[in-house]
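Novice: Provided herewith is a single structure, encoded as structure tokens, for subsequent inquiry.
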Amino acid sequence: FLNLRKKSNFNPPFNESSWEDLVDRVETVQKLKNGKILVKLHWKNGQQSTHDNVVVHQKCPLHIIRFYEDHLSFQEE
Amino acid sequence: FLNLRKKSNFNPPFNESSWEDLVDRVETVQKLKNGKILVKLHWKNGQQSTHDNVVVHQKCPLHIIRFYEDHLSFQEE
Amino acid sequence: MPKAVGFVKKVVIPKKPLDVLLPFYDSDETTVEKVLKEDENLLYVTFLAGLEASLRKKDIYLYKNGEICYQKYLKRKRRVIDDDSDYDADR
């Protein structure tokens, strides 16, 4: 988890209102002990970056929805 | 599946670009045998309606993301 | 950086009898009107209900008119390609 510290020179385009066409997929979703949820994105330009889930909700909601729907499991009550 | 065709007089506002402020919550998500995912919405006006997931993706993505994030299961590290 | 709990493995949803989905479901909402464009995995479509959405190619058969509209789209695409090659040949 420490490799997150290795700062790459990739700067996600925060000025863009939507990342839907720039992101290829959500790679992982991870929960921290403090309750935060971090989302790792794989960009079409080959870069990767990690963000708070609320950022991803705003910038590319369809990608995180697709990730969740790829991991759906229905359990008998 | 056919008995799902039973309609009420409620007409969801398709002309509205976003339902985020009109919907109270996603009640449930279920998958049909053919693989289609259906989402049941509770509206702030007390109505209920069910839609294909792609409709909810477009009209109120934050609601369905919240529902999914309330049902996450993690691989302990 | 706080320690991690773990990576998402599944989104676990309680299975319910399908009549929980009533009282109102109208599958006509997602009758495909037109396929606008495609990329590697997705089709961008408009539905009769006046909604634009992206669908997975493998799911297009789930939607009324989906297959037919996709075939029409491919035919249009081929015709454009043929016209372009005729244009190149003429020059």
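Letters A, B, ... mark the chains of the structure tokens in the order given; residue numbers begin at 1 per chain; ligand numbers begin at 1, in order shown.
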Which residues come within 6 Å of stretch 43-55 of chain C, counting only C-alpha atoms, excluding same-chain residues fewer than 5 positions away, as a PyMOL selection string?
Specialist: chain C and resi 29-38
Novice: Hand me chain A as it sits after a least-squares fit onto chain B over every Cα, paired in order, written as a short mmCIF file (atom, residue, chain, number, x, y, z; two decimals) with C-alpha atoms, in the first residue's frame.
Specialist:
```cif
data_model
loop_
_atom_site.label_atom_id
_atom_site.label_comp_id
_atom_site.auth_asym_id
_atom_site.auth_seq_id
_atom_site.Cartn_x
_atom_site.Cartn_y
_atom_site.Cartn_z
CA PHE A 1 -42.52 -10.99 -10.14
CA LEU A 2 -45.65 -10.94 -12.29
CA ASN A 3 -47.05 -7.99 -10.33
CA LEU A 4 -44.77 -5.88 -12.48
CA ARG A 5 -47.37 -6.32 -15.16
CA LYS A 6 -49.95 -4.48 -13.07
CA LYS A 7 -49.60 -1.15 -14.84
CA SER A 8 -49.89 1.72 -12.33
CA ASN A 9 -50.87 5.11 -13.74
CA PHE A 10 -47.55 6.59 -12.56
CA ASN A 11 -45.39 7.84 -15.41
CA PRO A 12 -41.77 8.52 -14.40
CA PRO A 13 -40.71 12.01 -15.65
CA PHE A 14 -38.42 10.95 -18.48
CA ASN A 15 -38.32 14.56 -19.68
CA GLU A 16 -36.49 15.54 -16.46
CA SER A 17 -32.71 15.32 -16.91
CA SER A 18 -32.17 14.32 -13.26
CA TRP A 19 -34.30 12.34 -10.84
CA GLU A 20 -31.92 12.83 -7.91
CA ASP A 21 -34.31 15.15 -6.03
CA LEU A 22 -37.48 13.28 -7.07
CA VAL A 23 -36.42 9.78 -6.00
CA ASP A 24 -36.30 8.87 -2.34
CA ARG A 25 -34.20 5.72 -2.64
CA VAL A 26 -33.30 2.61 -4.59
CA GLU A 27 -35.40 -0.17 -3.11
CA THR A 28 -33.92 -3.25 -4.83
CA VAL A 29 -31.52 -4.27 -7.58
CA GLN A 30 -32.33 -7.52 -9.33
CA LYS A 31 -30.53 -9.53 -12.02
CA LEU A 32 -32.40 -11.46 -14.69
CA LYS A 33 -31.26 -14.70 -16.34
CA ASN A 34 -30.62 -12.78 -19.57
CA GLY A 35 -28.09 -10.65 -17.72
CA LYS A 36 -30.23 -7.53 -17.47
CA ILE A 37 -30.18 -5.65 -14.16
CA LEU A 38 -33.43 -4.09 -12.99
CA VAL A 39 -33.62 -1.36 -10.36
CA LYS A 40 -36.74 -0.62 -8.32
CA LEU A 41 -37.09 3.02 -7.31
CA HIS A 42 -39.11 4.48 -4.45
CA TRP A 43 -40.17 8.03 -5.32
CA LYS A 44 -40.71 10.91 -2.88
CA ASN A 45 -44.34 11.06 -4.04
CA GLY A 46 -44.80 7.53 -2.69
CA GLN A 47 -44.85 5.87 -6.12
CA GLN A 48 -42.60 3.00 -7.19
CA SER A 49 -41.23 2.09 -10.62
CA THR A 50 -38.73 -0.38 -12.07
CA HIS A 51 -36.12 0.44 -14.68
CA ASP A 52 -33.15 -0.93 -16.51
CA ASN A 53 -30.00 -0.07 -14.54
CA VAL A 54 -28.62 2.05 -17.40
CA VAL A 55 -31.61 4.38 -17.07
CA VAL A 56 -30.90 4.80 -13.36
CA HIS A 57 -27.20 5.36 -14.08
CA GLN A 58 -28.18 8.41 -16.13
CA LYS A 59 -31.13 9.73 -14.15
CA CYS A 60 -30.08 9.26 -10.51
CA PRO A 61 -26.55 7.80 -10.24
CA LEU A 62 -26.05 9.01 -6.66
CA HIS A 63 -29.02 6.96 -5.46
CA ILE A 64 -27.77 3.70 -6.92
CA ILE A 65 -24.24 4.43 -5.68
CA ARG A 66 -25.66 4.99 -2.19
CA PHE A 67 -27.54 1.66 -2.44
CA TYR A 68 -24.37 -0.17 -3.46
CA GLU A 69 -22.31 1.52 -0.73
CA ASP A 70 -24.93 0.52 1.82
CA HIS A 71 -24.33 -3.07 0.76
CA LEU A 72 -20.53 -3.05 0.67
CA SER A 73 -18.75 -6.06 2.08
CA PHE A 74 -14.94 -6.42 2.14
CA GLN A 75 -13.65 -9.97 1.88
CA GLU A 76 -10.11 -11.13 2.71
CA GLU A 77 -8.36 -12.31 -0.47
#
```
Novice: May I have all residues of chain B that DSSP, computed from the backbone, assigns to helix (DSSP H, G or I), given as a PyMOL selection string?
Specialist: chain B and resi 2-5+53-59+61-69
Novice: Among chain C, which residues carry a DSSP assignment of strand (DSSP E or B), reported as a ChimeraX atom specification?
Specialist: /C:4-15,25,32-38,42-47,51-56
Novice: Output N, CA and C atoms of each residue in that selection to a file, as a short mmCIF file (atom, residue, chain, number, x, y, z; two decimals), in the first residue's frame.
Specialist:
```cif
data_model
loop_
_atom_site.label_atom_id
_atom_site.label_comp_id
_atom_site.auth_asym_id
_atom_site.auth_seq_id
_atom_site.Cartn_x
_atom_site.Cartn_y
_atom_site.Cartn_z
N ALA C 4 -5.69 -0.45 5.78
CA ALA C 4 -6.83 -0.75 4.92
C ALA C 4 -7.65 -1.86 5.55
N VAL C 5 -8.95 -1.84 5.35
CA VAL C 5 -9.83 -2.95 5.74
C VAL C 5 -9.70 -4.03 4.69
N GLY C 6 -9.82 -3.63 3.40
CA GLY C 6 -9.71 -4.63 2.35
C GLY C 6 -10.31 -4.16 1.05
N PHE C 7 -10.10 -5.00 0.02
CA PHE C 7 -10.61 -4.67 -1.31
C PHE C 7 -12.03 -5.22 -1.47
N VAL C 8 -12.84 -4.51 -2.26
CA VAL C 8 -14.21 -4.98 -2.50
C VAL C 8 -14.13 -6.29 -3.27
N LYS C 9 -14.79 -7.30 -2.69
CA LYS C 9 -14.85 -8.61 -3.34
C LYS C 9 -16.19 -8.76 -4.06
N LYS C 10 -17.28 -8.35 -3.32
CA LYS C 10 -18.63 -8.51 -3.88
C LYS C 10 -19.55 -7.39 -3.41
N VAL C 11 -20.63 -7.19 -4.17
CA VAL C 11 -21.72 -6.34 -3.72
C VAL C 11 -22.85 -7.33 -3.43
N VAL C 12 -23.12 -7.53 -2.15
CA VAL C 12 -24.05 -8.61 -1.76
C VAL C 12 -25.45 -8.04 -1.53
N ILE C 13 -26.39 -8.49 -2.35
CA ILE C 13 -27.76 -7.97 -2.28
C ILE C 13 -28.71 -9.10 -1.89
N PRO C 14 -29.57 -8.85 -0.89
CA PRO C 14 -30.54 -9.89 -0.51
C PRO C 14 -31.47 -10.23 -1.69
N LYS C 15 -31.54 -11.52 -2.03
CA LYS C 15 -32.41 -11.94 -3.14
C LYS C 15 -33.85 -11.86 -2.67
N TYR C 25 -43.64 -1.46 -13.68
CA TYR C 25 -42.46 -1.69 -14.51
C TYR C 25 -42.93 -1.65 -15.95
N VAL C 32 -35.20 0.11 -27.83
CA VAL C 32 -34.12 0.84 -28.51
C VAL C 32 -34.69 1.56 -29.73
N GLU C 33 -34.36 2.84 -29.85
CA GLU C 33 -34.80 3.62 -31.00
C GLU C 33 -33.69 3.64 -32.04
N LYS C 34 -32.44 3.86 -31.58
CA LYS C 34 -31.34 3.96 -32.55
C LYS C 34 -30.01 3.71 -31.85
N VAL C 35 -29.11 3.03 -32.54
CA VAL C 35 -27.73 2.90 -32.06
C VAL C 35 -26.94 4.06 -32.66
N LEU C 36 -26.35 4.86 -31.79
CA LEU C 36 -25.66 6.07 -32.26
C LEU C 36 -24.23 5.79 -32.63
N LYS C 37 -23.53 5.11 -31.73
CA LYS C 37 -22.13 4.77 -32.03
C LYS C 37 -21.72 3.59 -31.17
N GLU C 38 -20.54 3.08 -31.43
CA GLU C 38 -20.07 1.95 -30.64
C GLU C 38 -18.60 2.16 -30.34
N LEU C 42 -18.93 -1.13 -25.76
CA LEU C 42 -20.21 -0.47 -25.49
C LEU C 42 -20.93 -0.02 -26.75
N LEU C 43 -22.26 0.03 -26.64
CA LEU C 43 -23.07 0.66 -27.67
C LEU C 43 -23.74 1.87 -27.03
N TYR C 44 -23.76 2.97 -27.77
CA TYR C 44 -24.43 4.17 -27.29
C TYR C 44 -25.75 4.26 -28.02
N VAL C 45 -26.86 4.19 -27.24
CA VAL C 45 -28.18 4.08 -27.89
C VAL C 45 -29.12 5.17 -27.38
N THR C 46 -30.19 5.42 -28.14
CA THR C 46 -31.31 6.21 -27.62
C THR C 46 -32.49 5.26 -27.48
N PHE C 47 -33.23 5.48 -26.38
CA PHE C 47 -34.43 4.68 -26.17
C PHE C 47 -35.66 5.50 -26.59
N LEU C 51 -34.28 8.72 -23.86
CA LEU C 51 -33.13 8.63 -22.97
C LEU C 51 -31.95 8.11 -23.76
N GLU C 52 -30.76 8.67 -23.48
CA GLU C 52 -29.55 8.15 -24.12
C GLU C 52 -28.79 7.34 -23.08
N ALA C 53 -28.26 6.20 -23.48
CA ALA C 53 -27.56 5.36 -22.50
C ALA C 53 -26.48 4.55 -23.19
N SER C 54 -25.54 4.07 -22.38
CA SER C 54 -24.53 3.17 -22.95
C SER C 54 -24.82 1.76 -22.44
N LEU C 55 -24.81 0.81 -23.37
CA LEU C 55 -25.12 -0.58 -23.02
C LEU C 55 -23.93 -1.44 -23.39
N ARG C 56 -23.74 -2.51 -22.67
CA ARG C 56 -22.71 -3.47 -23.07
C ARG C 56 -23.20 -4.19 -24.33
#
```
Novice: Using Å and a single decimal, report how far atom CA of C:Leu22 sits from atom CA of C:Tyr61.
Specialist: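 Taking atom CA of C:Tyr61 and atom CA of C:Leu22, their separation equals 23.3 Å.
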Novice: What gap, in Å, lies between atom CA of C:Asp39 and atom CA of C:Lys57?
Specialist: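 So the answer is 9.2 Å.
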